[in-house]
Every structure is written in C-alpha cells, then in structure tokens.
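Reviewing the structure listed below.
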Amino acid sequence: MKKIYLLLLLCSLTCLSQAQKLTIEKIMQEPKHSVGALPSNVFWSEDSKTIYFNWNPDKNKADSLFSIAISDKKIIKVPLAVRQQLPAPFGVYSKNKRQKLYTKNGDIFLLDTQTGAVRQLTNTLETEDNPTFSGKEDKVIFTKSNNLYSLDLTQGTLSQLTQLIAGGKKPETKPNEQEKWLKQDQLAMFDILKERADKKKENDKNAKGELPKRPKEFYTEDKRVDNLSLSPDGRLATFRLVKSPVGSKNTIVPNYVTESGFTEDIPARTKVGAAQANYEFWVYQIEKDTLIQLTTKGLEGITTLPTYLQEYKKDTAKAKKPEAKAVVVNGPLWSEDGKYAVLVVRSLDNKDRWIVSLNPNTLQLQLLDHQHDEAWIGGPNIGFTLSTGTMGFLGDNKTLYFQSEADGYSHIYTVDLATLQKKQLTKGKYEVQSLQLSNDKQSFYLTTNEVHPGEQHFYKMSVQGGEKVRLTALEGANQVVLSPDEKQLAFLYSSPTQPWELYWQANQAGAKAEQLTQSQSEAFKAYRWRTPQVITIKARDGEPIYARLYEGKGAKGKKPAVIFVHGAGYLQNAHKWWSQYFREYMFHNFLVDQGYTVLDIDYRGSAGYGRDWRTGIYRFMGGKDLDDHVDAAQWLVKNQGVDAKRIGMYGGSYGGFMTLMALFTSPDTFKAGAALRPVTDWAAYNHPYTANILNEPQKDSLAYHRSSPIYHAQGLKNRLLICHGMVDVNVHFQDVVRLSQRLIELKKENWELAAYPMEDHGFVEPTSWMDEYKRIFKLFEEELK
C-alpha cells in the first residue's frame with residue numbers, strides 16, 4: 001500500500017511538473033487562452049453607482065460589456081438590448097454637469113445626468129458631430145456636412161451658422177455682343193415679352209428683400225474644412241482649410257493570398273519627405289458677415305532655420321531671406337465667459353509650439369508660451385501636430401493650465417492671460433502622464449511616475465501647486481478612471497507577473513483597493529512566472545539605463561544571454577507592470593528555463609525618462625541607442641557571468657531595426673540576431689514618425705545614411721534571421737526585399753528570411769507566432785549554446 005501511495009505521489013508530481021512546463025506552442029496561443037481575457041475600456045455610469053468594462057471570461061470570439069454595481073460588487077453581463085440604450089461614455093457636459101451631449105450612430109443625444117432621461121435631438125441620414133453647448137447653454141452647436149449649425153433646445157429651431165461650400169463658384173455666363181443685340185431687339189419688338197421681363201425683375205427684387213439673412217457664401221476651392229468651432233457668445237466661427245498635397249506618390253502592398261485567387265494591391269501610405277498638407281486658419285465674424293484668414297508670421301522664432309542645416313552650408317548659402325515656417329493652428333480653447341481664446345500653433349517640422357491668445361475683437365495674437373526643440377516637440381500630454389495637448393481654464397476664467405517639457409520633463413504650468421504671469425506647478429525628474437481638472441476646478445487629478453520611472457500612481461493636487469496627495473498604493477501601474485462624483489476610483493492595475501485586473505477604492509489616501517475581476521487562464525496560473533529585476537546600468541556617458549533582468553543559471557563566464565529590444569522607439573518596457581510584450585515576457589521565462597539570461601532595456605528614445613532621453617536618437621538612430629545595448633552586453637559579461645561570445649539579440653519593428661544595426665555595426669558584440677519586421681531604410685518609412693527624428697531625407701541625407709541598416713550591411717559577420725509579414729502596411733515587406741538583394745550582392749551567406757504571407761505588422765495568427773519564435777529559439781540554441 002505504501003508503495004502505491006508513493007507511486008501516486010510520484011505520478012502527481014510528474015503531472016504537475018509537466019503542466020507547469022512552458023512550450024512555445026503554449027505561449028503563442030491566443031491571449032485569452034495563454035494569459036486570460038483581461039478587462040479593458042473602463043467607464044462609470046453617470047450616477048457613479050456602476051462600473052462598466054469590456055471583458056471575456058467565457059473566452060468567446062469577442063469581448064462583451066459587463067457591469068459591476070458598487071453596492072454589491074456583483075458582475076453582470078450587460079444584455080444587448082440594455083447596451084444599445086446606454087448613453088455613450090464620453091461627451092460634453094454643461095457647466096453644472098447636469099446635462100451631457102453625446103453622439104451615437106451619427107446622431108446627437110442630450111442626457112439628463114440626474115434622472116437618466118435621454119432626448120434624441122437629431123435623426124438623419126447625415127452625420128451630426130462635435131456637439132457642444134452654446135455660452136448660455138440654451139442651444140446645441142454641432143457640425144454637419146462641414147458646416148456649423150445651432151439647435152435651439154427650447155424652440156427646436158435649427159439654424160445654419162456657416163455656408164462653406166466645397167469647390168469653386170461657377171462663373172456667371174455673360175451674353176456675347178450678338179446675344180445682347182438679339183435680346184434688346186426682342187424686347188423692343190414684343191410688348192408682352194417686355195412686360196413679363198419687367199414683372200420678373202420686380203418679383204425677384206421683392207423676394208430678395210423678404211429672405212432672412214443667410215451666412216456668407218465661402219467657396220473652399222480645392223481645400224477641405226475641419227476643426228469647426230463657435231465662440232461662447234456666438235460671434236465668431238473658426239475653422240481650418242486643409243489643402244492636400246499634389247503629386248505625392250502613395251505606396252502599395254501586394255496581397256498574395258486572397259479570396260479571389262488574384263494578387264490584390266492594398267493602398268498604403270506615402271514615404272517620409274513627401275509633400276505635406278498645407279493649413280490655413282480662418283475666422284468668420286458672424287455679425288459683420290466677414291471672413292478673415294489669421295496670420296502667424298509675426299510669431300517669435302518662426303523664421304529661424306533649424307541648426308542641422310548648417311552642415312549643408314553650400315546648399316543654404318544661396319538661400320533668400322528665411323521664410324516663415326509652415327504651421328498648423330489648433331483650437332481655439334475658450335474660457336467659459338468667452339473673454340479669452342487660446343490657440344496652439346505647431347510648426348510642421350515639429351520643432352516649435354506656440355501657445356497664443358486670440359483677441360476676439362481685434363483678432364490679434366498674444367504670445368503666452370513658446371517651446372522650441374532642435375530635435376522635436378513631444379512628451380506626455382504635449383499633443384501632436386493636429387491637437388492642442390492637455391490644457392484648459394481654471395475657475396477664474398483667465399488662468400490657463402498646460403504641460404511643457406521646458407525644464408526637461410513634462411510638467412504642469414499655468415499662465416494668467418490678464419497679466420501674462422507664468423508659473424510652474426510641478427517639478428522634478430519625473431513626468432506628469434495624465435491630468436484632469438476636478439469638478440469644482442480647485443484641484444488637479446494627475447498620474448505621475450515620480451515614485452519610480454517604472455511605476456504609475458494617481459494623485460490629487462491644488463491648482464495652485466504644492467504638495468500632492470497620493471491616492472494609489474499598489475506597486476506597478478494604476479490606470480485610474482475617476483467616478484463622476486469624484487468619490488471613487490475604478491482602475492486597471494497590473495504588476496510584472498499579474499496581468500491587468502479591475503480594482504475599486506474610495507477616493508481617499510490610504511483607502512484599501514479591492515480587486516473586482518479574476519481573469520487569468522488556468523494555463524497561466526499553472527506556471528510560476530518570474531518577476532524580472534528592474535535595475536539600472538551605467539551607460540558610457542554616465543547616464544542610468546533602466547532595464548529588466550531575467551537571471552539565468554549556469555557556470556560563471558559561460559552563460560548564454562539574449563537581449564530583447566522593444567519596438568515603437570518611444571515606448572517603455574523596463575517597468576513594474578504587465579508588459580504589452582506579454583508573449584515576449586513569457587518567452588523570456590521559457591528562455592531562462594533553458595539556461596539563458598535575458599535582458600531588455602529602455603534605451604535612448606524610450607518613454608518615461610524626460611526630453612533628453614526621448615530625443616537622444618535625434619539624427620542618429622542606431623547611435624546612442626545602440627551604444628546603450630552594447631554597454632548592457634558588457635554589463636552582462638562583467639556582472640552576470642555571461643560569456644561575451646554567447647550574446648544574442650532580437651526584437652520587432654524598431655527592435656528589428658536595432659538588431660540589424662547591432663549585427664552590422666557592432667558584430668563582435670552580438671553572436672546572433674533575429675530582426676522581426678525591421679525597418680531597413682528609414683527613407684522608406686512614414687513621414688510623421690521619421691521626419692521628427694531624422695528630418696526629411698532630401699534635406700538631411702547624412703542622418704538617413706548613418707541611421708539606415710541597408711547602408712551598413714557590409715558589416716554582417718554573424719548569423720542573422722529576418723522575419724516579416726508580407727501584408728505589413730506599417731513597415732513594408734519591400735524593406736526586407738531590398739535588404740535581401742543588398743545582402744545577395746554583398747555575397748553574405750549567413751542570413752535567412754522567413755516570410756509570412758497573411759500577416760500585417762502585428763501578427764494575428766497563433767501559428768505565425770509559433771513559427772516565428774521556434775525559429776528564434778532554434779537560432780539561439782545553435783549559435784549561443
């Protein structure tokens with residue numbers, strides 16, 4: 001009997017061991033099986049009694065909407081009929097928060113937030129959009145067919161406020177001399193013809209006098225309209241005219257595996273350096289029935305040339321007097337009383353941001369803040385080309401709050417529009433990553449990473465600045481959604497080994513957080529996942545590089561190691577929450593099981609560490625960012641007992657690019673590399689991302705030549721694996737085709753290419769993920785072991 005018990009115990013332990021063993025097939029299943037279906041898209045009911053979120057605990061094909069009543073914390077799947085009747089989670093509130101405007105299926109609705117009553121304001125085949133309240137809140141202002149309209153909430157009167165007409169005005173057809181003579185002859189000959197003509201003139205004159213006043217006709221010619229807005233007092237309508245570039249050639253992506261059986265072309269983007277859109281900002285003075293184009297030519301620094309052009313002095317020596325930079329105007333943002341309007345002007349080379357006030361009477365601009373960066377303007381809440389970024393007015397209707405990287409980190413500032421006095425409210429080597437104003441406009445709610453670059457916590461702070469009250473306590477990331485009454489927090493929380501779950505707590509410092517969902521799959525729970533150490537490595541220039549270390553076992557000086565390179569460039573991965581690279585996280589655990597040490601670093605260009613780190617790759621991708629990886633490899637040798645001849649690298653997108661640059665320009669550091677969906681020539685990538693970092697190729701060819709792997713392919717010595725989806729509309733498959741031809745011409749033999757005919761930039765099919773990562777593992781086993 002005792003032997004039987006021992007046999008059963010041994011069998012149980014063996015089965016448990018097998019259940020806990022990781023395989024690439026297990027890791028690369030659909031996420032809902034390998035990890036679990038995690039909650040997302042959290043929002044509150046207007047009465048702050050219910051939390052809504054998307055979830056899929058039953059592992060259906062798609063997520064469904066669920067709700068949790070705060071009273072009993074019971075989770076309920078929201079029935080389809082109820083979901084269809086729910087107000088949209090986002091919208092525009094009245095000043096007292098008792099009414100909310102929102103759109104649904106192209107129509108406008110008005111919600112009474114106290115009673116929950118919904119009033120449908122429009123029901124048309126056309127799309128009504130961007131509803132806001134008028135200054136007196138007795139009307140709804142919205143856009144339809146590229147014009148502004150006003151709907152009186154009491155009388156129901158619909159008024160058109162602008163008359164912007166696409167195309168050009170048709171020229172009047174004027175009679176020639178022959179036609180004029182014939183007409184005069186006819187009228188002179190026939191009395192009835194003359195009587196009828198005179199009567200028509202009189203009728204037309206009378207009818208014209210009876211017509212109500214209409215907005216001025218304005219033909220947009222070859223431009224399109226966007227960013228329509230009305231001032232709170234209804235006196236000024238503002239809009240942008242956008243002229244699309246002419247002659248910019250778009251790329252195509254061939255799709256070989258199709259339902260039709262024919263190769264089909266997928267229309268894709270232009271390449272960096274292609275002509276960009278031109279923007280104009282117009283103001284329509286409704287009472288004067290006058291349209292005026294706003295000029296920004298007098299702004300500080302608008303004619304200053306970028307310093308990189310000094311390297312091309314021969315090309316610029318003959319240049320005429322510098323012209324004003326091309327810009328785009330965003331806004332306006334109005335104070336509630338309509339006294340002040342603020343515009344954000346961005347240069348299209350993204351090296352300047354001007355925040356200016358617009359005088360509603362004179363239409364003159366007053367500079368409030370100018371941020372210039374020889375690299376590019378960016379950072380949390382700073383906004384992009386076609387956005388204002390996070391900003392708004394405080395309760396006094398004259399103080400504007402905004403964020404700026406003026407001191408090197410994205411912090412909160414205010415400026416008094418009456419006195420032009422500016423004040424910095426937060427300061428330190430951390431970033432303010434989210435910001436919202438409280439209902440009473442006396443406090444800010446903000447998320448920062450001041451505790452640690454790899455943690456995100458939620459705070460409350462006076463609008464005057466000063467001490468912040470920390471409201472979240474769990475180590476990791478806390479993505480908070482504040483309840484409408486501001487008494488509760490619903491938030492998604494995760495740690496390195498715990499995927500995102502939904503939590504609730506009272507809006508008080510020290511309040512206990514309560515977990516509401518349990519989402520992990522049984523397969524995920526069956527393995528003891530490692531918590532990577534978040535460490536710092538000293539770079540050659542003395543700066544700390546934050547990294548995640550998965551420490552492997554093995555004889556000192558003989559251990560193999562793999563360095564993973566995250567993608568996107570401006571992204572953070574050396575943090576204390578659940579990684580968006582969850583497959584890679586699980587693969588790294590698998591590699592440690594096989595005896596590897598794994599390291600992934602937040603190299604130069606990564607998010608979370610301020611302006612200088614963000615722009616450290618300006619004009620040289622594969623420069624300081626690659627130096628950081630080389631320094632990390634040397635640290636592994638010195639501090640982790642890794643064999644310097646047994647270090648490999650892999651990564652996707654920017655990580656694939658970095659792998660190529662590493663094997664081409666630092667071949668003695670890395671024994672093998674897997675470049676997944678890599679950029680091989682930055683001149684073939686898109687404009688918004690690339691032009692920020694490398695300028696335009698026709699203007700800064702030096703930056704493109706030193707940053708593009710295809711120009712350094714001669715340096716390949718060690719084994720290279722390239723994997724790429726053939727219908728990738730982000731980094732095109734053409735990139736690796738061109739590099740393949742270059743490697744062939746250079747007579748390189750130690751490389752291979754795996755093509756995935758039905759995959760885009762982000763793989764979808766589990767079989768593709770499995771194939772790719774089996775190839776990566778095989779590469780490392782053959783070259784590093």
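Lettering and numbering for the structure tokens are positional, with chains as A, B, ... in the shown order, residues counted from 1 in each chain, and ligands counted from 1 in the shown order.
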Surrounding residues of stretch 631-641 of chain A excluding itself and chain neighbours under 6 positions, 8 Å, only C-alpha atoms, as a ChimeraX atom specification = /A:537-540,551,555-559,561,563,601,647,669
Stretch 385-389 of chain A: which residues within 8 Å, counting only C-alpha atoms, same-chain residues fewer than 4 positions away excluded, as a list in words?
->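 The residues satisfying every condition are Val328, Val329, Asn330, Gly331, Leu343, Val344, Arg346, Ser347, Leu348, Asn350, Asn381, Phe402 and Gln403 of chain A.
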Might you pull out every residue within 8 Å of A:Arg119, with only C-alpha atoms counted and same-chain residues fewer than 4 positions away left off, and present them as a PyMOL selection string?
-> chain A and resi 109-111
Distance query stretch 751-765 of chain A at most 6 Å, only C-alpha atoms, self and fewer than 2 positions along chain excluded, as number ranges by chain | A: 719-728, 749, 767-768
Selection above as a file: C-alpha atoms, as a compact mmCIF listing (two decimals), in the first residue's frame:
```
# COMPACT_ATOMS: atom_id res chain seq x y z
CA ARG A 719 24.15 34.72 -38.20
CA LEU A 720 21.01 36.74 -38.92
CA LEU A 721 17.35 35.69 -39.02
CA ILE A 722 14.82 38.08 -40.58
CA CYS A 723 11.05 37.53 -40.14
CA HIS A 724 8.46 39.76 -41.81
CA GLY A 725 4.74 39.78 -42.62
CA MET A 726 4.10 40.22 -46.34
CA VAL A 727 0.98 42.39 -45.91
CA ASP A 728 2.65 44.73 -43.42
CA GLU A 749 25.57 33.75 -46.75
CA THR A 767 0.59 29.54 -35.96
CA SER A 768 2.58 32.50 -37.28
```
Pick out the residues sitting within 7 Å of A:Ser521, and hand them over as a CSV table (one decimal) with C-alpha atoms, in the first residue's frame; count only C-alpha atoms, and ignore anything fewer than 2 positions along from it in its own chain.
```csv
chain,number,residue,atom,x,y,z
A,33,HIS,CA,-6.0,31.1,-23.6
A,34,SER,CA,-2.4,31.7,-22.8
A,35,VAL,CA,-2.9,34.6,-20.3
A,36,GLY,CA,-6.7,35.2,-20.0
A,519,SER,CA,-9.1,37.0,-15.4
A,523,ALA,CA,-2.7,27.7,-18.2
A,524,PHE,CA,-1.3,31.0,-17.0
A,525,LYS,CA,-1.8,30.1,-13.3
```
Can you list, as a ChimeraX atom specification, every residue of stretch 78-309 of chain A that DSSP puts in helix (DSSP H, G or I)?
-> /A:80-85,177-189,191-210,307-309
Counting only C-alpha atoms, the residue of A:Ala275, A:Leu368, A:Lys136, A:Glu514 that sits nearest A:Glu336 =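 Going through A:Ala275, A:Leu368, A:Lys136, A:Glu514 one by one, the smallest distance to A:Glu336 is for A:Lys136.
Candidate residues A:Val78, A:Leu236, A:Met28, A:Ala37 were compared for distance to A:Ala62, and the nearest is A:Ala37, using only C-alpha atoms.
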Using only C-alpha atoms, which of the listed residues (A:Ser64, A:Ser260, A:Asn478, A:Ser134) sits closest to A:Asp337?
-> A:Ser134
For atom CA of A:Leu437 and atom CA of A:Gln488, determine how far apart the two atoms are, in Å to one decimal place.
-> 15.5 Å
